[in-house]
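To be precise, the following lines are work_29.cif, and they hold mmCIF, C-alpha atoms.
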data_start
loop_
_atom_site.group_PDB
_atom_site.id
_atom_site.type_symbol
_atom_site.label_atom_id
_atom_site.label_comp_id
_atom_site.auth_asym_id
_atom_site.auth_seq_id
_atom_site.Cartn_x
_atom_site.Cartn_y
_atom_site.Cartn_z
ATOM 1 C CA MET A 1 3.252 14.277 1.497
ATOM 2 C CA LYS A 2 4.544 14.329 5.063
ATOM 3 C CA ILE A 3 5.035 11.560 7.626
ATOM 4 C CA ILE A 4 2.732 12.006 10.623
ATOM 5 C CA SER A 5 3.316 8.597 12.218
ATOM 6 C CA THR A 6 5.936 5.833 12.080
ATOM 7 C CA ASN A 7 4.507 2.403 12.890
ATOM 8 C CA LEU A 8 5.880 -1.047 13.694
ATOM 9 C CA ALA A 9 4.374 -4.415 14.561
ATOM 10 C CA VAL A 10 5.365 -7.396 16.625
ATOM 11 C CA GLU A 11 4.240 -10.820 15.506
ATOM 12 C CA ARG A 12 0.716 -11.725 16.554
ATOM 13 C CA THR A 13 -1.260 -14.940 16.221
ATOM 14 C CA ILE A 14 -4.854 -14.534 15.069
ATOM 15 C CA HIS A 15 -7.799 -16.880 14.489
ATOM 16 C CA TRP A 16 -10.165 -16.196 11.609
ATOM 17 C CA GLN A 17 -12.744 -18.447 9.992
ATOM 18 C CA GLY A 18 -11.025 -21.629 11.055
ATOM 19 C CA LYS A 19 -7.497 -20.444 10.279
ATOM 20 C CA THR A 20 -4.727 -19.764 12.791
ATOM 21 C CA VAL A 21 -1.923 -17.633 11.369
ATOM 22 C CA THR A 22 0.712 -15.112 12.405
ATOM 23 C CA THR A 23 0.586 -11.559 11.131
ATOM 24 C CA GLY A 24 2.322 -8.199 11.263
ATOM 25 C CA ILE A 25 -0.741 -6.144 10.357
ATOM 26 C CA TYR A 26 -1.226 -4.824 13.895
ATOM 27 C CA LYS A 27 1.082 -1.824 13.566
ATOM 28 C CA LYS A 28 1.484 0.547 16.502
ATOM 29 C CA PRO A 29 2.875 4.095 16.493
ATOM 30 C CA THR A 30 6.431 4.591 17.680
ATOM 31 C CA ASP A 31 8.251 7.796 18.558
ATOM 32 C CA GLU A 32 11.477 6.432 17.138
ATOM 33 C CA PRO A 33 12.732 6.943 13.565
ATOM 34 C CA LEU A 34 12.315 3.975 11.217
ATOM 35 C CA TYR A 35 15.210 2.569 9.231
ATOM 36 C CA LEU A 36 14.116 1.688 5.705
ATOM 37 C CA ALA A 37 16.259 -1.202 4.493
ATOM 38 C CA ALA A 38 16.319 -2.676 1.000
ATOM 39 C CA GLU A 39 13.677 -5.337 1.655
ATOM 40 C CA SER A 40 11.883 -4.311 4.846
ATOM 41 C CA VAL A 41 11.576 -1.817 7.652
ATOM 42 C CA ARG A 42 14.068 -2.699 10.353
ATOM 43 C CA GLY A 43 12.381 -4.061 13.467
ATOM 44 C CA ASP A 44 9.015 -4.630 11.792
ATOM 45 C CA CYS A 45 7.290 -8.012 11.719
ATOM 46 C CA VAL A 46 6.837 -9.488 8.249
ATOM 47 C CA ALA A 47 5.019 -12.749 8.921
ATOM 48 C CA ASN A 48 4.668 -13.975 5.337
ATOM 49 C CA ARG A 49 7.495 -12.908 3.061
ATOM 50 C CA ALA A 50 5.802 -14.500 0.068
ATOM 51 C CA VAL A 51 3.380 -11.554 -0.054
ATOM 52 C CA HIS A 52 4.978 -8.842 2.121
ATOM 53 C CA GLY A 53 8.418 -7.346 2.232
ATOM 54 C CA GLY A 54 10.991 -7.807 -0.491
ATOM 55 C CA LEU A 55 12.359 -5.343 -3.018
ATOM 56 C CA ASP A 56 8.965 -4.244 -4.364
ATOM 57 C CA LYS A 57 7.217 -4.105 -0.975
ATOM 58 C CA ALA A 58 9.879 -2.878 1.404
ATOM 59 C CA CYS A 59 7.725 -0.233 3.107
ATOM 60 C CA TYR A 60 3.981 0.457 3.091
ATOM 61 C CA LEU A 61 2.451 3.953 3.015
ATOM 62 C CA TYR A 62 -1.131 4.944 3.740
ATOM 63 C CA GLY A 63 -2.848 8.312 3.687
ATOM 64 C CA HIS A 64 -4.407 9.646 6.873
ATOM 65 C CA ASN A 65 -6.831 11.508 4.616
ATOM 66 C CA HIS A 66 -8.546 8.143 3.977
ATOM 67 C CA TYR A 67 -9.048 7.389 7.667
ATOM 68 C CA PRO A 68 -12.477 9.111 7.836
ATOM 69 C CA PHE A 69 -13.753 6.718 5.153
ATOM 70 C CA TRP A 70 -12.762 3.694 7.250
ATOM 71 C CA GLN A 71 -13.902 5.225 10.523
ATOM 72 C CA ALA A 72 -17.346 5.787 9.020
ATOM 73 C CA HIS A 73 -17.569 2.103 8.060
ATOM 74 C CA PHE A 74 -16.002 0.764 11.263
ATOM 75 C CA PRO A 75 -16.799 3.306 14.016
ATOM 76 C CA ASN A 76 -16.457 0.803 16.852
ATOM 77 C CA LEU A 77 -12.782 0.020 16.295
ATOM 78 C CA ASP A 78 -10.085 1.509 18.489
ATOM 79 C CA TRP A 79 -8.629 3.970 16.006
ATOM 80 C CA GLU A 80 -4.970 4.997 16.045
ATOM 81 C CA TYR A 81 -2.175 5.511 13.531
ATOM 82 C CA GLY A 82 -1.087 2.304 11.812
ATOM 83 C CA MET A 83 -4.654 0.972 11.668
ATOM 84 C CA LEU A 84 -4.414 0.124 7.974
ATOM 85 C CA GLY A 85 -1.209 -1.816 8.582
ATOM 86 C CA GLU A 86 1.023 0.950 7.261
ATOM 87 C CA ASN A 87 4.621 1.570 8.275
ATOM 88 C CA LEU A 88 4.294 5.254 7.443
ATOM 89 C CA THR A 89 1.093 7.217 7.932
ATOM 90 C CA ILE A 90 1.138 10.115 5.467
ATOM 91 C CA ASP A 91 -0.847 13.303 6.034
ATOM 92 C CA LYS A 92 -2.243 13.161 2.505
ATOM 93 C CA LEU A 93 -1.784 10.422 -0.069
ATOM 94 C CA GLU A 94 -3.964 10.435 -3.194
ATOM 95 C CA GLU A 95 -3.800 7.299 -5.321
ATOM 96 C CA ALA A 96 -5.020 9.340 -8.316
ATOM 97 C CA GLU A 97 -1.981 11.633 -8.061
ATOM 98 C CA LEU A 98 0.705 9.151 -6.992
ATOM 99 C CA LEU A 99 2.614 7.929 -10.051
ATOM 100 C CA VAL A 100 4.032 4.421 -10.190
ATOM 101 C CA GLY A 101 7.804 4.671 -10.546
ATOM 102 C CA SER A 102 8.118 8.151 -9.024
ATOM 103 C CA ILE A 103 11.257 8.601 -6.931
ATOM 104 C CA TYR A 104 11.256 10.602 -3.706
ATOM 105 C CA ARG A 105 13.772 11.637 -1.109
ATOM 106 C CA VAL A 106 12.416 11.326 2.428
ATOM 107 C CA GLY A 107 14.603 11.725 5.483
ATOM 108 C CA GLU A 108 17.849 9.884 4.793
ATOM 109 C CA ALA A 109 16.209 7.437 2.365
ATOM 110 C CA THR A 110 15.404 7.432 -1.338
ATOM 111 C CA VAL A 111 12.282 5.493 -2.296
ATOM 112 C CA GLN A 112 10.355 4.638 -5.445
ATOM 113 C CA VAL A 113 6.608 4.093 -5.661
ATOM 114 C CA SER A 114 6.201 0.469 -6.684
ATOM 115 C CA ARG A 115 2.944 -1.407 -6.123
ATOM 116 C CA PRO A 116 -0.593 -1.101 -4.752
ATOM 117 C CA ARG A 117 -1.660 -3.172 -1.778
ATOM 118 C CA GLN A 118 -3.817 -6.227 -2.334
ATOM 119 C CA PRO A 119 -5.538 -6.776 1.022
ATOM 120 C CA CYS A 120 -5.925 -10.374 2.209
ATOM 121 C CA PHE A 121 -7.978 -12.173 4.834
ATOM 122 C CA LYS A 122 -5.728 -10.844 7.610
ATOM 123 C CA PHE A 123 -7.068 -7.382 6.855
ATOM 124 C CA ALA A 124 -10.579 -8.822 7.106
ATOM 125 C CA ALA A 125 -9.694 -10.412 10.438
ATOM 126 C CA LYS A 126 -8.345 -7.165 11.888
ATOM 127 C CA PHE A 127 -11.471 -5.262 10.878
ATOM 128 C CA GLY A 128 -13.791 -8.135 11.786
ATOM 129 C CA ASP A 129 -15.486 -8.088 8.394
ATOM 130 C CA SER A 130 -14.883 -10.453 5.481
ATOM 131 C CA LYS A 131 -15.944 -7.680 3.079
ATOM 132 C CA ALA A 132 -13.250 -5.219 4.199
ATOM 133 C CA PRO A 133 -10.634 -6.254 1.576
ATOM 134 C CA GLN A 134 -13.101 -5.835 -1.283
ATOM 135 C CA LEU A 135 -14.197 -2.487 0.131
ATOM 136 C CA MET A 136 -10.607 -1.273 -0.160
ATOM 137 C CA LEU A 137 -10.368 -2.424 -3.778
ATOM 138 C CA ASP A 138 -13.811 -1.144 -4.766
ATOM 139 C CA HIS A 139 -12.898 2.365 -3.616
ATOM 140 C CA LEU A 140 -9.264 2.157 -4.833
ATOM 141 C CA LEU A 141 -7.955 3.228 -1.424
ATOM 142 C CA THR A 142 -5.045 0.831 -1.209
ATOM 143 C CA GLY A 143 -2.163 3.091 -0.269
ATOM 144 C CA ALA A 144 1.168 2.189 -1.842
ATOM 145 C CA TYR A 145 4.318 0.174 -1.361
ATOM 146 C CA VAL A 146 7.715 1.650 -2.110
ATOM 147 C CA ARG A 147 11.067 0.242 -3.093
ATOM 148 C CA VAL A 148 13.996 1.504 -1.054
ATOM 149 C CA LEU A 149 16.653 2.678 -3.503
ATOM 150 C CA GLU A 150 18.858 4.189 -0.810
ATOM 151 C CA PRO A 151 18.395 2.914 2.758
ATOM 152 C CA GLY A 152 18.178 5.335 5.642
ATOM 153 C CA GLU A 153 16.191 6.639 8.586
ATOM 154 C CA VAL A 154 12.894 8.479 8.312
ATOM 155 C CA GLN A 155 10.918 10.123 11.097
ATOM 156 C CA ILE A 156 7.760 12.045 11.909
ATOM 157 C CA GLY A 157 7.773 15.397 10.126
ATOM 158 C CA ASP A 158 9.859 14.264 7.151
ATOM 159 C CA SER A 159 8.389 15.296 3.794
ATOM 160 C CA PHE A 160 8.569 13.450 0.501
ATOM 161 C CA GLN A 161 10.602 15.507 -1.977
ATOM 162 C CA LEU A 162 9.977 14.504 -5.589
ATOM 163 C CA ILE A 163 13.191 13.702 -7.450
ATOM 164 C CA GLU A 164 12.007 12.007 -10.629
ATOM 165 C CA THR A 165 8.692 11.454 -12.394
ATOM 166 C CA PRO A 166 8.382 8.521 -14.814
ATOM 167 C CA THR A 167 7.493 8.993 -18.459
ATOM 168 C CA PRO A 168 5.088 7.685 -19.628
ATOM 169 C CA ALA A 169 3.132 7.956 -16.411
ATOM 170 C CA VAL A 170 0.467 5.770 -14.816
ATOM 171 C CA SER A 171 -1.119 6.658 -11.511
ATOM 172 C CA MET A 172 -1.651 4.162 -8.727
ATOM 173 C CA GLN A 173 -5.397 4.612 -9.141
ATOM 174 C CA GLU A 174 -5.302 3.898 -12.868
ATOM 175 C CA LEU A 175 -3.186 0.798 -12.307
ATOM 176 C CA LEU A 176 -5.694 -0.439 -9.740
ATOM 177 C CA GLN A 177 -8.569 0.175 -12.136
ATOM 178 C CA MET A 178 -6.870 -1.903 -14.822
ATOM 179 C CA MET A 179 -6.103 -4.688 -12.351
ATOM 180 C CA PHE A 180 -9.463 -4.927 -10.594
ATOM 181 C CA GLN A 181 -12.095 -2.884 -12.442
ATOM 182 C CA PHE A 182 -11.181 -3.592 -16.048
ATOM 183 C CA ASP A 183 -13.825 -2.722 -18.652
ATOM 184 C CA PRO A 184 -13.045 -4.560 -21.904
ATOM 185 C CA ALA A 185 -15.167 -2.139 -23.903
ATOM 186 C CA GLN A 186 -13.184 0.916 -22.813
ATOM 187 C CA ASP A 187 -9.884 -0.097 -21.262
ATOM 188 C CA ARG A 188 -8.199 -2.486 -23.699
ATOM 189 C CA ILE A 189 -5.950 0.058 -25.448
ATOM 190 C CA ARG A 190 -4.883 1.707 -22.185
ATOM 191 C CA ALA A 191 -4.241 -1.686 -20.588
ATOM 192 C CA GLU A 192 -1.953 -2.645 -23.451
ATOM 193 C CA GLU A 193 -0.060 0.633 -23.008
ATOM 194 C CA ILE A 194 0.412 -0.041 -19.294
ATOM 195 C CA LEU A 195 1.799 -3.486 -20.096
ATOM 196 C CA GLU A 196 4.607 -1.686 -21.942
ATOM 197 C CA ASN A 197 5.328 0.602 -18.992
ATOM 198 C CA SER A 198 8.605 -0.405 -17.352
ATOM 199 C CA SER A 199 7.620 1.210 -14.039
ATOM 200 C CA VAL A 200 4.818 -1.303 -13.474
ATOM 201 C CA SER A 201 5.930 -4.537 -11.816
ATOM 202 C CA ASP A 202 5.703 -7.852 -13.635
ATOM 203 C CA SER A 203 3.517 -9.172 -10.812
ATOM 204 C CA ASP A 204 0.922 -6.436 -11.362
ATOM 205 C CA LYS A 205 1.078 -6.855 -15.126
ATOM 206 C CA LYS A 206 -0.040 -10.470 -14.692
ATOM 207 C CA TYR A 207 -3.400 -9.224 -13.415
ATOM 208 C CA ILE A 208 -3.865 -7.024 -16.461
ATOM 209 C CA ARG A 209 -2.916 -9.829 -18.843
ATOM 210 C CA ARG A 210 -5.569 -12.026 -17.276
ATOM 211 C CA ARG A 211 -8.130 -9.280 -17.880
ATOM 212 C CA LEU A 212 -7.112 -8.959 -21.499
ATOM 213 C CA THR A 213 -7.433 -12.684 -22.131
#
Conversion result in structure tokens:
Amino acid sequence: MKIISTNLAVERTIHWQGKTVTTGIYKKPTDEPLYLAAESVRGDCVANRAVHGGLDKACYLYGHNHYPFWQAHFPNLDWEYGMLGENLTIDKLEEAELLVGSIYRVGEATVQVSRPRQPCFKFAAKFGDSKAPQLMLDHLLTGAYVRVLEPGEVQIGDSFQLIETPTPAVSMQELLQMMFQFDPAQDRIRAEEILENSSVSDSDKKYIRRRLT
């Protein structure tokens, strides 16, 4: 995985289905390195810290390899890096291969894969389609948040060097399936195993517990 774009947002006010809110989803590419701090990317707008930013969601990654999927569904948008609201656009990010809890060195920073994205109505507003968030979940193309274990600068061209792989392992895709596509006839045993996995956040485990009950 290699960084091909670093993206930041300034606060923007949007109007969607009767709501007026501020958002930081409109990320734009920057030529400057990004400083990954413990709870956010320095200089980036985090409009609602109840659902963005913080230790488990300090920086958001998205794979450029998924852009063709979105461009096919939304060909009339003005496409550029940062379109999915990501801080770091990665040349190739596969949710099926990315393990929750994996630790990487990238640039001067050390990060740990933490949580999948759960797109909200602001994502729908940016794409002009109320079905866009569900489309992301249906196809399990959520990208990933990372914790910042060691703050530092990252820049275009930096590669993610794997330092540690968690055991037992659960991929981002499998976690998403248990959270949003749970099949009680097939998934109960695996879901219970994931609930015992210390790499999975308590917030994400709540979704699985709801499925089990």
Please write as a list of chain:residue names the full residue list that the PyMOL selection byres ((chain A and resi 127-133) around 10) yields on this file.
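Those residues are A:Trp16, A:Gln17, A:Trp70, A:His73, A:Phe74, A:Asn76, A:Leu77, A:Met83, A:Leu84, A:Gln118, A:Pro119, A:Cys120, A:Phe121, A:Lys122, A:Phe123, A:Ala124, A:Ala125, A:Lys126, A:Gln134, A:Leu135, A:Met136, A:Leu137, A:Asp138, A:Thr142.
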Taking 4 positions as the minimum chain separation for residues in the same chain, which residues sit within 9 Å of A:Leu55 when counting only C-alpha atoms? Answer as a compact mmCIF listing (two decimals) with C-alpha atoms, in the frame of the given file.
# COMPACT_ATOMS: atom_id res chain seq x y z
CA ALA A 38 16.32 -2.68 1.00
CA GLU A 39 13.68 -5.34 1.66
CA SER A 40 11.88 -4.31 4.85
CA VAL A 146 7.72 1.65 -2.11
CA ARG A 147 11.07 0.24 -3.09
CA VAL A 148 14.00 1.50 -1.05
Taking into account only C-alpha atoms, which residue in the set A:Glu80, A:Glu95, A:Asp31, A:Glu108 is nearest to A:Phe160?
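Once distances to A:Phe160 are computed over only C-alpha atoms, the minimum belongs to A:Glu108.
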A:Thr110, A:Gln155, A:Thr23, A:Asn65: which is nearest A:Val46, counting all atoms listed in the file?
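Of all the options, A:Thr23 lies closest to A:Val46.
If you measure from each of A:Pro184, A:Gly53, A:Gly24, A:Gly143 to A:Ala96 using only C-alpha atoms, the closest one turns out to be A:Gly143.
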